[in-house]
Amino acid sequence: MSGELPSGRAPDERRPDHRRPYLMLPPPVRAAAAWSAAVILLITVASLVVFALVELRAATVPVILALLGTSLLYPVMPWMVGRGLGRGPAAGLTCALLVAAVGGVIALLVNSLVHSAPQIAESLQQAGDRLAAWLGPVGEKIRHALDNASGETSSLISTVTNGVLSGLGLATQILTGAVLALALVFFFLRDGHRTPQALRAHLPAGSAETVIACADRAFEAMAGFMRGTTLIALIDAFFITVGLLLLDIPGAPGLGALVFMGAYIPFVGAFLSGTVAVLVALADGGLGTALWALGIVLAVQAIEGNILQPVIQSRTVELHPATIMVAVVAGAGIAGILGALLAVPICAAGVGVVSVLRGTADPAHRGQPGPQDAERVDDDGVTSGQE
């Protein structure tokens, strides 16, 4: 009797633990495990979505480009409809104007770059020689990099010419994507006002209103980015080109075209196009001319950052510079130059959606007419359903 416990169990016998295994862990460990599982699941889903978008880029890229084009052109629709033009003819006329404008801009840019490419390539080689003489071994490395860049630039014309003959497959893909994007722009412009009704018909009432609010905010963010960036790019390219022409720098129109295209890739594009302009000025006019060119580029960039962007893009989603840099690098890593171009507007749209879901969207942005609100805007004036 003395060797037994009062309960009748042996000394080494223990009560079994019937708790669930995760309850046996300390609370901090359980919380860390739950957050880790959530993060892993989120990363996995995001990776699968990105993989699907990249694999289906023949369809997804035209859709994204069509959304960006629609966001840029949509304010024209209420103006045309308000003057008695049906939504179908208004969308068709807008698309025709878009084709004319894009074709003219592309022709101007290509013409400027093709005619200026030999001058820019030669100037880059001369700039590399001067830097090699001034900086020694470091300059030799810079010269080698500039020689490679100038070699690629000088082969631009032959690449374009050969591409017409040997790159018909790529040209066909580009043409097909452009036609698809243009057709989607037409349908988005004509039928975008029907989006809320379609969402309300297929989603519960509360969810439908949330989705509509998110879509409206994302559309507004993309529209603000496209309009603001295009206007800023035109202003930057104009003033930098005028400054380079006043300095009598060769290839100034081509450098202005580079500035215009680089404006759509924040920070990186402006840095690269400005660097090329300064190096060309260094090769052609020496250190003094290069300093003047640097001053012009820095002055235009300062005016852009402190005056133009706050005024022009004040009503869009504001992204931290670090967020923009990460988005550009990630987009370039996923889809090259096209990914870098599309990364910032997509990121702005995503931030706008998050702000709506968190209930922190700026009240000044609420009630802005987008494609989802066009039915209400048109009903105040003319009938939106006329075709």
# chains A, B, ... in the order shown; residues from 1 in each chain; ligands from 1
$ closest_atom_pairs --of "range 36-123 of chain A" --to "range 227-249 of chain A" --cutoff "9 Å" --atoms "only C-alpha atoms" --output "Markdown table"
| residue | atom | partner | partner_atom | distance |
| --- | --- | --- | --- | --- |
| A:Ser71 | CA | A:Arg227 | CA | 8.4 |
| A:Leu72 | CA | A:Arg227 | CA | 5.9 |
| A:Leu73 | CA | A:Arg227 | CA | 8.9 |
$ residues_around --residues "Val328 in chain A" --least-positions-apart "5" --cutoff "8 Å" --atoms "only C-alpha atoms" --output "MDAnalysis selection string"
chainID A and resid 265:266 339:341 343:344
$ residues_around --residues "range 181-185 of chain A" --least-positions-apart "2" --cutoff "9 Å" --atoms "only C-alpha atoms" --output "ChimeraX atom specification"
/A:61-70,91,95,98-99,176-179,187-190
$ write_last_selection --atoms "N, CA and C atoms" --output "mmCIF file, in the first residue's frame"
data_model
loop_
_atom_site.group_PDB
_atom_site.id
_atom_site.type_symbol
_atom_site.label_atom_id
_atom_site.label_comp_id
_atom_site.auth_asym_id
_atom_site.auth_seq_id
_atom_site.Cartn_x
_atom_site.Cartn_y
_atom_site.Cartn_z
ATOM 1 N N VAL A 61 -1.056 41.541 -71.667
ATOM 2 C CA VAL A 61 -0.430 42.830 -71.986
ATOM 3 C C VAL A 61 -1.371 43.727 -72.777
ATOM 4 N N PRO A 62 -2.048 43.239 -73.842
ATOM 5 C CA PRO A 62 -3.024 44.112 -74.507
ATOM 6 C C PRO A 62 -4.142 44.593 -73.586
ATOM 7 N N VAL A 63 -4.585 43.735 -72.646
ATOM 8 C CA VAL A 63 -5.631 44.161 -71.719
ATOM 9 C C VAL A 63 -5.130 45.305 -70.844
ATOM 10 N N ILE A 64 -3.913 45.174 -70.302
ATOM 11 C CA ILE A 64 -3.366 46.229 -69.445
ATOM 12 C C ILE A 64 -3.151 47.509 -70.243
ATOM 13 N N LEU A 65 -2.597 47.376 -71.448
ATOM 14 C CA LEU A 65 -2.406 48.561 -72.292
ATOM 15 C C LEU A 65 -3.746 49.206 -72.643
ATOM 16 N N ALA A 66 -4.770 48.377 -72.883
ATOM 17 C CA ALA A 66 -6.091 48.930 -73.181
ATOM 18 C C ALA A 66 -6.661 49.675 -71.982
ATOM 19 N N LEU A 67 -6.461 49.144 -70.787
ATOM 20 C CA LEU A 67 -6.932 49.843 -69.591
ATOM 21 C C LEU A 67 -6.211 51.176 -69.411
ATOM 22 N N LEU A 68 -4.896 51.185 -69.654
ATOM 23 C CA LEU A 68 -4.148 52.441 -69.537
ATOM 24 C C LEU A 68 -4.613 53.442 -70.589
ATOM 25 N N GLY A 69 -4.800 52.968 -71.827
ATOM 26 C CA GLY A 69 -5.284 53.869 -72.863
ATOM 27 C C GLY A 69 -6.681 54.388 -72.570
ATOM 28 N N THR A 70 -7.546 53.514 -72.056
ATOM 29 C CA THR A 70 -8.897 53.943 -71.710
ATOM 30 C C THR A 70 -8.879 54.968 -70.590
ATOM 31 N N ALA A 91 -16.828 56.489 -79.166
ATOM 32 C CA ALA A 91 -15.706 55.581 -78.913
ATOM 33 C C ALA A 91 -14.903 55.339 -80.179
ATOM 34 N N CYS A 95 -10.970 56.328 -80.697
ATOM 35 C CA CYS A 95 -9.956 55.348 -81.102
ATOM 36 C C CYS A 95 -9.221 55.804 -82.362
ATOM 37 N N LEU A 98 -6.792 58.265 -81.315
ATOM 38 C CA LEU A 98 -5.705 57.588 -80.602
ATOM 39 C C LEU A 98 -4.716 56.987 -81.590
ATOM 40 N N VAL A 99 -5.216 56.321 -82.631
ATOM 41 C CA VAL A 99 -4.327 55.729 -83.629
ATOM 42 C C VAL A 99 -3.498 56.805 -84.319
ATOM 43 N N THR A 176 -0.708 42.057 -83.772
ATOM 44 C CA THR A 176 -1.900 41.413 -83.220
ATOM 45 C C THR A 176 -2.243 41.988 -81.851
ATOM 46 N N GLY A 177 -1.220 42.170 -81.003
ATOM 47 C CA GLY A 177 -1.462 42.756 -79.689
ATOM 48 C C GLY A 177 -1.983 44.174 -79.782
ATOM 49 N N ALA A 178 -1.448 44.955 -80.736
ATOM 50 C CA ALA A 178 -1.907 46.337 -80.901
ATOM 51 C C ALA A 178 -3.360 46.389 -81.359
ATOM 52 N N VAL A 179 -3.728 45.514 -82.301
ATOM 53 C CA VAL A 179 -5.115 45.479 -82.775
ATOM 54 C C VAL A 179 -6.051 45.053 -81.647
ATOM 55 N N PHE A 187 -14.211 48.932 -76.858
ATOM 56 C CA PHE A 187 -15.283 48.342 -76.050
ATOM 57 C C PHE A 187 -15.298 48.913 -74.634
ATOM 58 N N PHE A 188 -14.108 49.175 -74.056
ATOM 59 C CA PHE A 188 -14.072 49.771 -72.718
ATOM 60 C C PHE A 188 -14.682 51.167 -72.729
ATOM 61 N N LEU A 189 -14.388 51.939 -73.774
ATOM 62 C CA LEU A 189 -14.949 53.283 -73.863
ATOM 63 C C LEU A 189 -16.463 53.233 -74.072
ATOM 64 N N ARG A 190 -16.913 52.315 -74.919
ATOM 65 C CA ARG A 190 -18.335 52.269 -75.243
ATOM 66 C C ARG A 190 -19.173 51.656 -74.132
#
$ atom_distance --atom1 "CA of Leu258 in chain A" --atom2 "CA of Val276 in chain A"
9.0 Å
$ closest_residue --among "A:Ala121, A:Val356, A:Val329, A:Gly224" --to "Asp284 in chain A" --atoms "only C-alpha atoms"
A:Ala121
